[in-house]
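The structure under discussion appears below in the form of structure tokens.
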Amino acid sequence: MATSGSATFNPDFTELAEEAYDMAGVEMRSGYHLRSARRSLNTMFLEWANRGINLWTVESGTQTLTAGTSSYTMPADTIDLIEYFIRTDSGNTSTQSDSRLNRISVSTYAAIPNKLSQGTPIQIYIDRQQAAPVVHLYPVPDSAETYTLFYYRIARIEDVGAPASNTLDLPARFLPCATAGLAYYLSIKHAEQPERVIALKGLYEEQWQLAASEDREKTSARFVPFIGHN
């Protein structure tokens with residue numbers, strides 16, 4: 001028997017929504033059903049950001065620092081920063097150097113007597129505002145060096161968007177979880193079969209655990225969201 005010879009299964013949003021409605025025991029018959037599924041899926045992606053770090057959303061970035069300026073706004077789709085360094089002589093193959101910043105809490109930053117002191121930044125306070133995180137550096141960058149903030153951030157998962165033929169901003173290994181999760185969300189909206197809601201909730205959590213346990217660093221180190229206070 002011959003196999004397909006391909007491993008490219010990546011259903012578009014319409015196909016995934018149809019599968020989720022099938023699992024929920026509901027027939028998808030209208031444009032409203034599709035819009036409802038889109039809302040649920042976008043909401044679920046925001047929920048995933050609260051569950052932990054999704055490795056495919058980790059991106060590197062840089063911010064050129066200006067002497068005398070301590071605060072910088074990150075890209076609007078940033079959830080949080082997980083690694084951060086001050087880079088000097090960026091691009092110089094002989095002298096480029098990264099120094100890790102120490103993340104501090106709002107209370108520690110607020111207690112600094114003179115927040116205008118200038119020098120090489122050694123601490124970072126990340127103010128997670130509604131529009132976008134704002135980073136505050138201490139000491140304030142001086143003019144003695146050309147500094148760059150180099151960081152790794154957690155970006156938001158892209159919205160489903162339109163048209164319905166879009167594919168999802170997910171690796172293939174998360175598609176079973178996304179389908180089960182959407183089916184669970186839809187079953188709550190169409191709760192004619194309460195027992196199905198309970199079953200799909202369990203399936204969703206099982207699929208999440210399978211995907212999340214695989215979506216990790218395969219070394220002794222692991223990214224962990226910062227939750228401590230100094």
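Every chain in the structure tokens takes a letter, A first, then B, and so on in the order presented; its residues are numbered from 1, and the ligands are numbered from 1 following the presented order.
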Wanna dump the stretch 35-114 of chain A-stretch 124-142 of chain A contacts at 9 Å for me, each residue with its shortest atom pair and the distance in Å to one decimal, counting only C-alpha atoms, ordered by chain and number, as a tab-separated table?
residue	atom	partner	partner_atom	distance
A:Leu65	CA	A:Pro141	CA	7.0
A:Thr66	CA	A:Pro141	CA	6.7
A:Ala67	CA	A:Asp142	CA	4.7
A:Gly68	CA	A:Pro141	CA	5.8
A:Thr69	CA	A:Val140	CA	6.3
A:Ser70	CA	A:Val140	CA	4.9
A:Ser71	CA	A:His136	CA	4.5
A:Tyr72	CA	A:Val135	CA	5.3
A:Thr73	CA	A:Val134	CA	4.4
A:Met74	CA	A:Pro133	CA	5.6
A:Pro75	CA	A:Ala132	CA	6.5
A:Ala76	CA	A:Ala132	CA	4.7
A:Asp77	CA	A:Ala132	CA	7.0
A:Thr78	CA	A:Ala132	CA	6.5
A:Ile79	CA	A:Pro133	CA	7.6
A:Asp80	CA	A:Pro133	CA	7.0
A:Leu81	CA	A:Ile126	CA	7.9
A:Tyr84	CA	A:Ile124	CA	8.3
A:Leu101	CA	A:Ile124	CA	6.2
A:Asn102	CA	A:Ile124	CA	6.0
A:Arg103	CA	A:Ile124	CA	4.9
A:Ile104	CA	A:Tyr125	CA	5.2
A:Ser105	CA	A:Tyr125	CA	6.1
A:Val106	CA	A:Tyr125	CA	6.6
A:Thr108	CA	A:Tyr125	CA	8.7
A:Tyr109	CA	A:Tyr125	CA	6.6
A:Ile112	CA	A:Tyr138	CA	8.9
Grab the residues selected above and save them as a PDB file, in the first residue's frame with N, CA and C atoms.
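Output file part.pdb is given in full below:
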ATOM      1  N   LEU A  65      19.086  52.618  22.407  1.00  0.00           N
ATOM      2  CA  LEU A  65      18.900  53.472  23.571  1.00  0.00           C
ATOM      3  C   LEU A  65      19.502  54.858  23.319  1.00  0.00           C
ATOM      4  N   THR A  66      18.862  55.849  23.912  1.00  0.00           N
ATOM      5  CA  THR A  66      19.285  57.236  23.758  1.00  0.00           C
ATOM      6  C   THR A  66      19.800  57.754  25.083  1.00  0.00           C
ATOM      7  N   ALA A  67      20.930  58.419  25.060  1.00  0.00           N
ATOM      8  CA  ALA A  67      21.501  58.977  26.285  1.00  0.00           C
ATOM      9  C   ALA A  67      20.490  59.903  26.957  1.00  0.00           C
ATOM     10  N   GLY A  68      20.296  59.698  28.256  1.00  0.00           N
ATOM     11  CA  GLY A  68      19.378  60.534  29.016  1.00  0.00           C
ATOM     12  C   GLY A  68      17.930  60.086  28.984  1.00  0.00           C
ATOM     13  N   THR A  69      17.603  59.018  28.240  1.00  0.00           N
ATOM     14  CA  THR A  69      16.224  58.517  28.150  1.00  0.00           C
ATOM     15  C   THR A  69      16.138  57.157  28.828  1.00  0.00           C
ATOM     16  N   SER A  70      15.270  57.047  29.821  1.00  0.00           N
ATOM     17  CA  SER A  70      15.213  55.818  30.619  1.00  0.00           C
ATOM     18  C   SER A  70      14.073  54.892  30.229  1.00  0.00           C
ATOM     19  N   SER A  71      13.013  55.407  29.562  1.00  0.00           N
ATOM     20  CA  SER A  71      11.804  54.619  29.326  1.00  0.00           C
ATOM     21  C   SER A  71      11.584  54.389  27.834  1.00  0.00           C
ATOM     22  N   TYR A  72      11.168  53.154  27.497  1.00  0.00           N
ATOM     23  CA  TYR A  72      10.969  52.771  26.099  1.00  0.00           C
ATOM     24  C   TYR A  72       9.748  51.863  26.004  1.00  0.00           C
ATOM     25  N   THR A  73       8.903  52.118  25.010  1.00  0.00           N
ATOM     26  CA  THR A  73       7.691  51.331  24.796  1.00  0.00           C
ATOM     27  C   THR A  73       7.982  50.176  23.847  1.00  0.00           C
ATOM     28  N   MET A  74       7.583  48.995  24.229  1.00  0.00           N
ATOM     29  CA  MET A  74       7.791  47.809  23.417  1.00  0.00           C
ATOM     30  C   MET A  74       6.708  47.711  22.339  1.00  0.00           C
ATOM     31  N   PRO A  75       6.881  46.827  21.343  1.00  0.00           N
ATOM     32  CA  PRO A  75       5.839  46.640  20.329  1.00  0.00           C
ATOM     33  C   PRO A  75       4.494  46.311  20.965  1.00  0.00           C
ATOM     34  N   ALA A  76       3.407  46.774  20.337  1.00  0.00           N
ATOM     35  CA  ALA A  76       2.079  46.675  20.930  1.00  0.00           C
ATOM     36  C   ALA A  76       1.614  45.237  21.145  1.00  0.00           C
ATOM     37  N   ASP A  77       2.133  44.279  20.363  1.00  0.00           N
ATOM     38  CA  ASP A  77       1.688  42.890  20.507  1.00  0.00           C
ATOM     39  C   ASP A  77       2.567  42.103  21.471  1.00  0.00           C
ATOM     40  N   THR A  78       3.301  42.794  22.327  1.00  0.00           N
ATOM     41  CA  THR A  78       4.182  42.130  23.298  1.00  0.00           C
ATOM     42  C   THR A  78       3.402  41.741  24.545  1.00  0.00           C
ATOM     43  N   ILE A  79       3.477  40.475  24.940  1.00  0.00           N
ATOM     44  CA  ILE A  79       2.888  40.012  26.199  1.00  0.00           C
ATOM     45  C   ILE A  79       3.817  40.354  27.358  1.00  0.00           C
ATOM     46  N   ASP A  80       5.086  39.993  27.209  1.00  0.00           N
ATOM     47  CA  ASP A  80       6.071  40.241  28.267  1.00  0.00           C
ATOM     48  C   ASP A  80       7.459  40.014  27.686  1.00  0.00           C
ATOM     49  N   LEU A  81       8.475  40.468  28.401  1.00  0.00           N
ATOM     50  CA  LEU A  81       9.861  40.159  28.058  1.00  0.00           C
ATOM     51  C   LEU A  81      10.344  39.060  28.989  1.00  0.00           C
ATOM     52  N   TYR A  84      16.677  39.851  28.786  1.00  0.00           N
ATOM     53  CA  TYR A  84      16.988  41.238  28.464  1.00  0.00           C
ATOM     54  C   TYR A  84      18.452  41.511  28.814  1.00  0.00           C
ATOM     55  N   LEU A 101      20.567  42.195  32.306  1.00  0.00           N
ATOM     56  CA  LEU A 101      19.910  43.132  33.210  1.00  0.00           C
ATOM     57  C   LEU A 101      19.186  42.371  34.313  1.00  0.00           C
ATOM     58  N   ASN A 102      19.105  42.974  35.476  1.00  0.00           N
ATOM     59  CA  ASN A 102      18.377  42.392  36.595  1.00  0.00           C
ATOM     60  C   ASN A 102      16.975  42.990  36.637  1.00  0.00           C
ATOM     61  N   ARG A 103      15.953  42.140  36.533  1.00  0.00           N
ATOM     62  CA  ARG A 103      14.578  42.640  36.556  1.00  0.00           C
ATOM     63  C   ARG A 103      14.160  42.959  37.980  1.00  0.00           C
ATOM     64  N   ILE A 104      13.584  44.141  38.169  1.00  0.00           N
ATOM     65  CA  ILE A 104      13.157  44.557  39.504  1.00  0.00           C
ATOM     66  C   ILE A 104      11.665  44.858  39.488  1.00  0.00           C
ATOM     67  N   SER A 105      11.079  44.889  40.666  1.00  0.00           N
ATOM     68  CA  SER A 105       9.643  45.134  40.801  1.00  0.00           C
ATOM     69  C   SER A 105       9.363  46.629  40.824  1.00  0.00           C
ATOM     70  N   VAL A 106       8.082  46.962  40.753  1.00  0.00           N
ATOM     71  CA  VAL A 106       7.702  48.369  40.802  1.00  0.00           C
ATOM     72  C   VAL A 106       8.095  49.002  42.134  1.00  0.00           C
ATOM     73  N   THR A 108      10.659  48.188  44.063  1.00  0.00           N
ATOM     74  CA  THR A 108      12.106  48.417  44.075  1.00  0.00           C
ATOM     75  C   THR A 108      12.467  49.612  43.212  1.00  0.00           C
ATOM     76  N   TYR A 109      11.831  49.704  42.026  1.00  0.00           N
ATOM     77  CA  TYR A 109      12.119  50.846  41.147  1.00  0.00           C
ATOM     78  C   TYR A 109      11.664  52.148  41.802  1.00  0.00           C
ATOM     79  N   ILE A 112      14.120  53.747  44.320  1.00  0.00           N
ATOM     80  CA  ILE A 112      15.413  54.296  43.895  1.00  0.00           C
ATOM     81  C   ILE A 112      15.400  55.803  44.138  1.00  0.00           C
TER      82      ILE A 112
END
> stretch 25-37 of chain A: which residues within 12 Å, counting only C-alpha atoms, same-chain residues fewer than 6 positions away excluded, as number ranges by chain?
Replying inline: A: 13-19, 43-44, 160-165, 178-179, 181-197, 199-200
Take the residues that were just selected and, keeping C-alpha atoms, output them as an mmCIF file, in the first residue's frame.
data_model
loop_
_atom_site.group_PDB
_atom_site.id
_atom_site.type_symbol
_atom_site.label_atom_id
_atom_site.label_comp_id
_atom_site.auth_asym_id
_atom_site.auth_seq_id
_atom_site.Cartn_x
_atom_site.Cartn_y
_atom_site.Cartn_z
ATOM 1 C CA PHE A 13 -9.999 28.230 9.664
ATOM 2 C CA THR A 14 -13.215 27.039 7.984
ATOM 3 C CA GLU A 15 -12.118 23.398 8.086
ATOM 4 C CA LEU A 16 -11.013 23.637 11.706
ATOM 5 C CA ALA A 17 -14.302 25.312 12.673
ATOM 6 C CA GLU A 18 -16.279 22.582 10.903
ATOM 7 C CA GLU A 19 -14.366 19.903 12.804
ATOM 8 C CA THR A 43 -10.575 34.529 22.899
ATOM 9 C CA MET A 44 -8.964 31.135 23.446
ATOM 10 C CA VAL A 160 -7.691 34.392 13.079
ATOM 11 C CA GLY A 161 -8.718 37.324 10.907
ATOM 12 C CA ALA A 162 -10.406 37.212 7.507
ATOM 13 C CA PRO A 163 -10.866 35.574 5.069
ATOM 14 C CA ALA A 164 -12.013 32.239 6.439
ATOM 15 C CA SER A 165 -9.406 30.541 4.266
ATOM 16 C CA ALA A 178 -6.936 24.265 19.144
ATOM 17 C CA THR A 179 -9.670 22.076 17.663
ATOM 18 C CA GLY A 181 -10.540 23.920 22.707
ATOM 19 C CA LEU A 182 -12.748 25.516 20.084
ATOM 20 C CA ALA A 183 -15.172 22.588 20.298
ATOM 21 C CA TYR A 184 -15.372 23.104 24.063
ATOM 22 C CA TYR A 185 -15.990 26.842 23.701
ATOM 23 C CA LEU A 186 -18.702 26.206 21.100
ATOM 24 C CA SER A 187 -20.361 23.499 23.205
ATOM 25 C CA ILE A 188 -20.847 26.063 25.973
ATOM 26 C CA LYS A 189 -22.685 28.333 23.529
ATOM 27 C CA HIS A 190 -24.832 25.409 22.310
ATOM 28 C CA ALA A 191 -25.440 23.692 25.624
ATOM 29 C CA GLU A 192 -28.242 21.372 24.546
ATOM 30 C CA GLN A 193 -25.999 18.447 25.577
ATOM 31 C CA PRO A 194 -24.446 19.304 28.977
ATOM 32 C CA GLU A 195 -22.603 15.988 29.124
ATOM 33 C CA ARG A 196 -20.777 16.894 25.916
ATOM 34 C CA VAL A 197 -19.555 20.140 27.511
ATOM 35 C CA ALA A 199 -16.403 15.647 27.979
ATOM 36 C CA LEU A 200 -14.969 18.335 25.685
#
> So, counting only C-alpha atoms, which residue among A:Ala7, A:Cys177, A:Ala49, A:Ala20 is closest to A:Arg156?
Replying inline: A:Ala49
> With only C-alpha atoms as the basis for distance, which of A:Asp159, A:Ala111, A:Ile154, A:Met1 is at the shortest distance from A:Arg39?
Replying inline: A:Asp159
>> Would you compute the distance between atom CA of A:Thr57 and atom CA of A:Ile82? Give it in Å to one decimal.
In response: 11.7 Å
>> Among stretch 4-175 of chain A, which residues does DSSP mark as helix (DSSP H, G or I) when it is run on the backbone? Keep the chain and numbering as in the structure and answer as number ranges by chain.
In response: A: 13-24, 31-51, 55-57, 106-110, 172-175
> How many Å separate atom CA of A:Asp89 from atom CA of A:Lys115?
Replying inline: 24.7 Å
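The space separating atom CA of A:Ala144 from atom CA of A:Gln118 comes to 9.8 Å.
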>> Could you check the closest approach to A:Phe150 for each of A:Arg87, A:Arg100, A:Arg173, A:Arg216 and tell me which residue wins, using only C-alpha atoms?
In response: A:Arg87
>> Which of stretch 5-124 of chain A end up as strand (DSSP E) when DSSP is run on this backbone - answer as an MDAnalysis selection string?
In response: chainID A and resid 58:64 71:73 78:88 97:100 102:103 118:119 123:124
Please produce an output containing C-alpha atoms for each residue in the selection, written as an mmCIF file, in the first residue's frame.
data_model
loop_
_atom_site.group_PDB
_atom_site.id
_atom_site.type_symbol
_atom_site.label_atom_id
_atom_site.label_comp_id
_atom_site.auth_asym_id
_atom_site.auth_seq_id
_atom_site.Cartn_x
_atom_site.Cartn_y
_atom_site.Cartn_z
ATOM 1 C CA VAL A 58 9.147 33.896 21.490
ATOM 2 C CA GLU A 59 10.928 36.478 19.339
ATOM 3 C CA SER A 60 14.131 38.460 19.668
ATOM 4 C CA GLY A 61 14.191 42.227 19.311
ATOM 5 C CA THR A 62 16.341 45.272 19.821
ATOM 6 C CA GLN A 63 15.780 48.830 20.966
ATOM 7 C CA THR A 64 18.418 51.483 20.378
ATOM 8 C CA SER A 71 11.804 54.619 29.326
ATOM 9 C CA TYR A 72 10.969 52.771 26.099
ATOM 10 C CA THR A 73 7.691 51.331 24.796
ATOM 11 C CA THR A 78 4.182 42.130 23.298
ATOM 12 C CA ILE A 79 2.888 40.012 26.199
ATOM 13 C CA ASP A 80 6.071 40.241 28.267
ATOM 14 C CA LEU A 81 9.861 40.159 28.058
ATOM 15 C CA ILE A 82 11.632 37.031 29.292
ATOM 16 C CA GLU A 83 15.313 37.819 28.644
ATOM 17 C CA TYR A 84 16.988 41.238 28.464
ATOM 18 C CA PHE A 85 20.534 42.469 28.001
ATOM 19 C CA ILE A 86 22.421 45.704 27.454
ATOM 20 C CA ARG A 87 24.513 45.380 24.308
ATOM 21 C CA THR A 88 27.483 47.634 23.709
ATOM 22 C CA SER A 97 29.277 42.558 24.394
ATOM 23 C CA ASP A 98 26.017 41.660 26.186
ATOM 24 C CA SER A 99 25.399 42.228 29.904
ATOM 25 C CA ARG A 100 22.328 40.729 31.544
ATOM 26 C CA ASN A 102 18.377 42.392 36.595
ATOM 27 C CA ARG A 103 14.578 42.640 36.556
ATOM 28 C CA GLN A 118 23.256 58.064 34.411
ATOM 29 C CA GLY A 119 25.608 55.208 33.629
ATOM 30 C CA GLN A 123 18.369 47.009 36.150
ATOM 31 C CA ILE A 124 15.076 46.890 34.262
#
If you count only C-alpha atoms, which residues fall within 12 Å of A:Phe174, apart from same-chain ones fewer than 2 positions away, as a PDB file with N, CA and C atoms, in the first residue's frame?
ATOM      1  N   ASN A  10      -2.602  21.121   7.203  1.00  0.00           N
ATOM      2  CA  ASN A  10      -2.713  22.397   7.902  1.00  0.00           C
ATOM      3  C   ASN A  10      -4.054  23.017   7.528  1.00  0.00           C
ATOM      4  N   PHE A  45      -7.050  32.064  22.217  1.00  0.00           N
ATOM      5  CA  PHE A  45      -5.639  32.393  22.057  1.00  0.00           C
ATOM      6  C   PHE A  45      -5.160  33.334  23.160  1.00  0.00           C
ATOM      7  N   TRP A  48      -4.564  31.283  26.177  1.00  0.00           N
ATOM      8  CA  TRP A  48      -3.301  30.548  26.119  1.00  0.00           C
ATOM      9  C   TRP A  48      -2.141  31.391  26.623  1.00  0.00           C
ATOM     10  N   ASN A  54       4.323  30.048  25.139  1.00  0.00           N
ATOM     11  CA  ASN A  54       4.231  29.257  23.917  1.00  0.00           C
ATOM     12  C   ASN A  54       5.489  29.539  23.099  1.00  0.00           C
ATOM     13  N   LEU A  55       6.335  28.538  22.937  1.00  0.00           N
ATOM     14  CA  LEU A  55       7.670  28.776  22.402  1.00  0.00           C
ATOM     15  C   LEU A  55       7.669  29.397  21.015  1.00  0.00           C
ATOM     16  N   TRP A  56       6.669  29.079  20.174  1.00  0.00           N
ATOM     17  CA  TRP A  56       6.698  29.647  18.826  1.00  0.00           C
ATOM     18  C   TRP A  56       6.410  31.153  18.829  1.00  0.00           C
ATOM     19  N   LEU A 168      -4.029  29.103  10.744  1.00  0.00           N
ATOM     20  CA  LEU A 168      -3.801  29.657  12.078  1.00  0.00           C
ATOM     21  C   LEU A 168      -2.316  29.874  12.345  1.00  0.00           C
ATOM     22  N   ASP A 169      -2.042  30.836  13.217  1.00  0.00           N
ATOM     23  CA  ASP A 169      -0.669  31.151  13.620  1.00  0.00           C
ATOM     24  C   ASP A 169      -0.224  30.166  14.697  1.00  0.00           C
ATOM     25  N   LEU A 170      -0.182  28.878  14.314  1.00  0.00           N
ATOM     26  CA  LEU A 170       0.133  27.810  15.258  1.00  0.00           C
ATOM     27  C   LEU A 170       1.027  26.780  14.579  1.00  0.00           C
ATOM     28  N   PRO A 171       1.925  26.137  15.335  1.00  0.00           N
ATOM     29  CA  PRO A 171       2.604  24.966  14.785  1.00  0.00           C
ATOM     30  C   PRO A 171       1.624  23.803  14.716  1.00  0.00           C
ATOM     31  N   ALA A 172       1.893  22.863  13.831  1.00  0.00           N
ATOM     32  CA  ALA A 172       0.964  21.747  13.620  1.00  0.00           C
ATOM     33  C   ALA A 172       0.693  20.974  14.908  1.00  0.00           C
ATOM     34  N   PRO A 176      -4.478  19.874  17.259  1.00  0.00           N
ATOM     35  CA  PRO A 176      -5.466  19.096  18.017  1.00  0.00           C
ATOM     36  C   PRO A 176      -5.980  19.845  19.242  1.00  0.00           C
ATOM     37  N   CYS A 177      -5.091  20.552  19.921  1.00  0.00           N
ATOM     38  CA  CYS A 177      -5.499  21.324  21.098  1.00  0.00           C
ATOM     39  C   CYS A 177      -6.433  22.457  20.692  1.00  0.00           C
ATOM     40  N   ALA A 178      -6.091  23.158  19.598  1.00  0.00           N
ATOM     41  CA  ALA A 178      -6.936  24.265  19.144  1.00  0.00           C
ATOM     42  C   ALA A 178      -8.322  23.764  18.749  1.00  0.00           C
ATOM     43  N   THR A 179      -8.379  22.628  18.088  1.00  0.00           N
ATOM     44  CA  THR A 179      -9.670  22.076  17.663  1.00  0.00           C
ATOM     45  C   THR A 179     -10.510  21.666  18.864  1.00  0.00           C
ATOM     46  N   ALA A 180      -9.886  20.960  19.808  1.00  0.00           N
ATOM     47  CA  ALA A 180     -10.612  20.527  21.007  1.00  0.00           C
ATOM     48  C   ALA A 180     -11.055  21.727  21.833  1.00  0.00           C
ATOM     49  N   GLY A 181     -10.185  22.728  21.942  1.00  0.00           N
ATOM     50  CA  GLY A 181     -10.540  23.920  22.707  1.00  0.00           C
ATOM     51  C   GLY A 181     -11.694  24.676  22.080  1.00  0.00           C
ATOM     52  N   TYR A 204     -10.109  18.939  25.995  1.00  0.00           N
ATOM     53  CA  TYR A 204      -9.325  20.159  25.783  1.00  0.00           C
ATOM     54  C   TYR A 204      -8.149  20.221  26.744  1.00  0.00           C
ATOM     55  N   GLN A 207      -5.534  17.646  25.770  1.00  0.00           N
ATOM     56  CA  GLN A 207      -4.764  18.059  24.592  1.00  0.00           C
ATOM     57  C   GLN A 207      -3.818  19.208  24.927  1.00  0.00           C
ATOM     58  N   TRP A 208      -4.258  20.108  25.812  1.00  0.00           N
ATOM     59  CA  TRP A 208      -3.365  21.198  26.215  1.00  0.00           C
ATOM     60  C   TRP A 208      -2.136  20.654  26.936  1.00  0.00           C
ATOM     61  N   GLN A 209      -2.342  19.730  27.845  1.00  0.00           N
ATOM     62  CA  GLN A 209      -1.216  19.166  28.590  1.00  0.00           C
ATOM     63  C   GLN A 209      -0.249  18.445  27.657  1.00  0.00           C
ATOM     64  N   LEU A 210      -0.774  17.719  26.699  1.00  0.00           N
ATOM     65  CA  LEU A 210       0.098  17.026  25.746  1.00  0.00           C
ATOM     66  C   LEU A 210       0.922  18.020  24.943  1.00  0.00           C
ATOM     67  N   ALA A 211       0.264  19.068  24.425  1.00  0.00           N
ATOM     68  CA  ALA A 211       0.966  20.047  23.601  1.00  0.00           C
ATOM     69  C   ALA A 211       1.947  20.867  24.429  1.00  0.00           C
ATOM     70  N   ALA A 212       1.514  21.319  25.607  1.00  0.00           N
ATOM     71  CA  ALA A 212       2.363  22.178  26.431  1.00  0.00           C
ATOM     72  C   ALA A 212       3.575  21.426  26.962  1.00  0.00           C
ATOM     73  N   SER A 213       3.413  20.141  27.288  1.00  0.00           N
ATOM     74  CA  SER A 213       4.544  19.376  27.803  1.00  0.00           C
ATOM     75  C   SER A 213       5.569  19.105  26.720  1.00  0.00           C
ATOM     76  N   GLU A 214       5.135  19.088  25.458  1.00  0.00           N
ATOM     77  CA  GLU A 214       6.077  18.904  24.355  1.00  0.00           C
ATOM     78  C   GLU A 214       6.702  20.236  23.933  1.00  0.00           C
ATOM     79  N   ASP A 215       5.958  21.324  24.121  1.00  0.00           N
ATOM     80  CA  ASP A 215       6.410  22.647  23.690  1.00  0.00           C
ATOM     81  C   ASP A 215       7.297  23.243  24.781  1.00  0.00           C
TER      82      ASP A 215
END
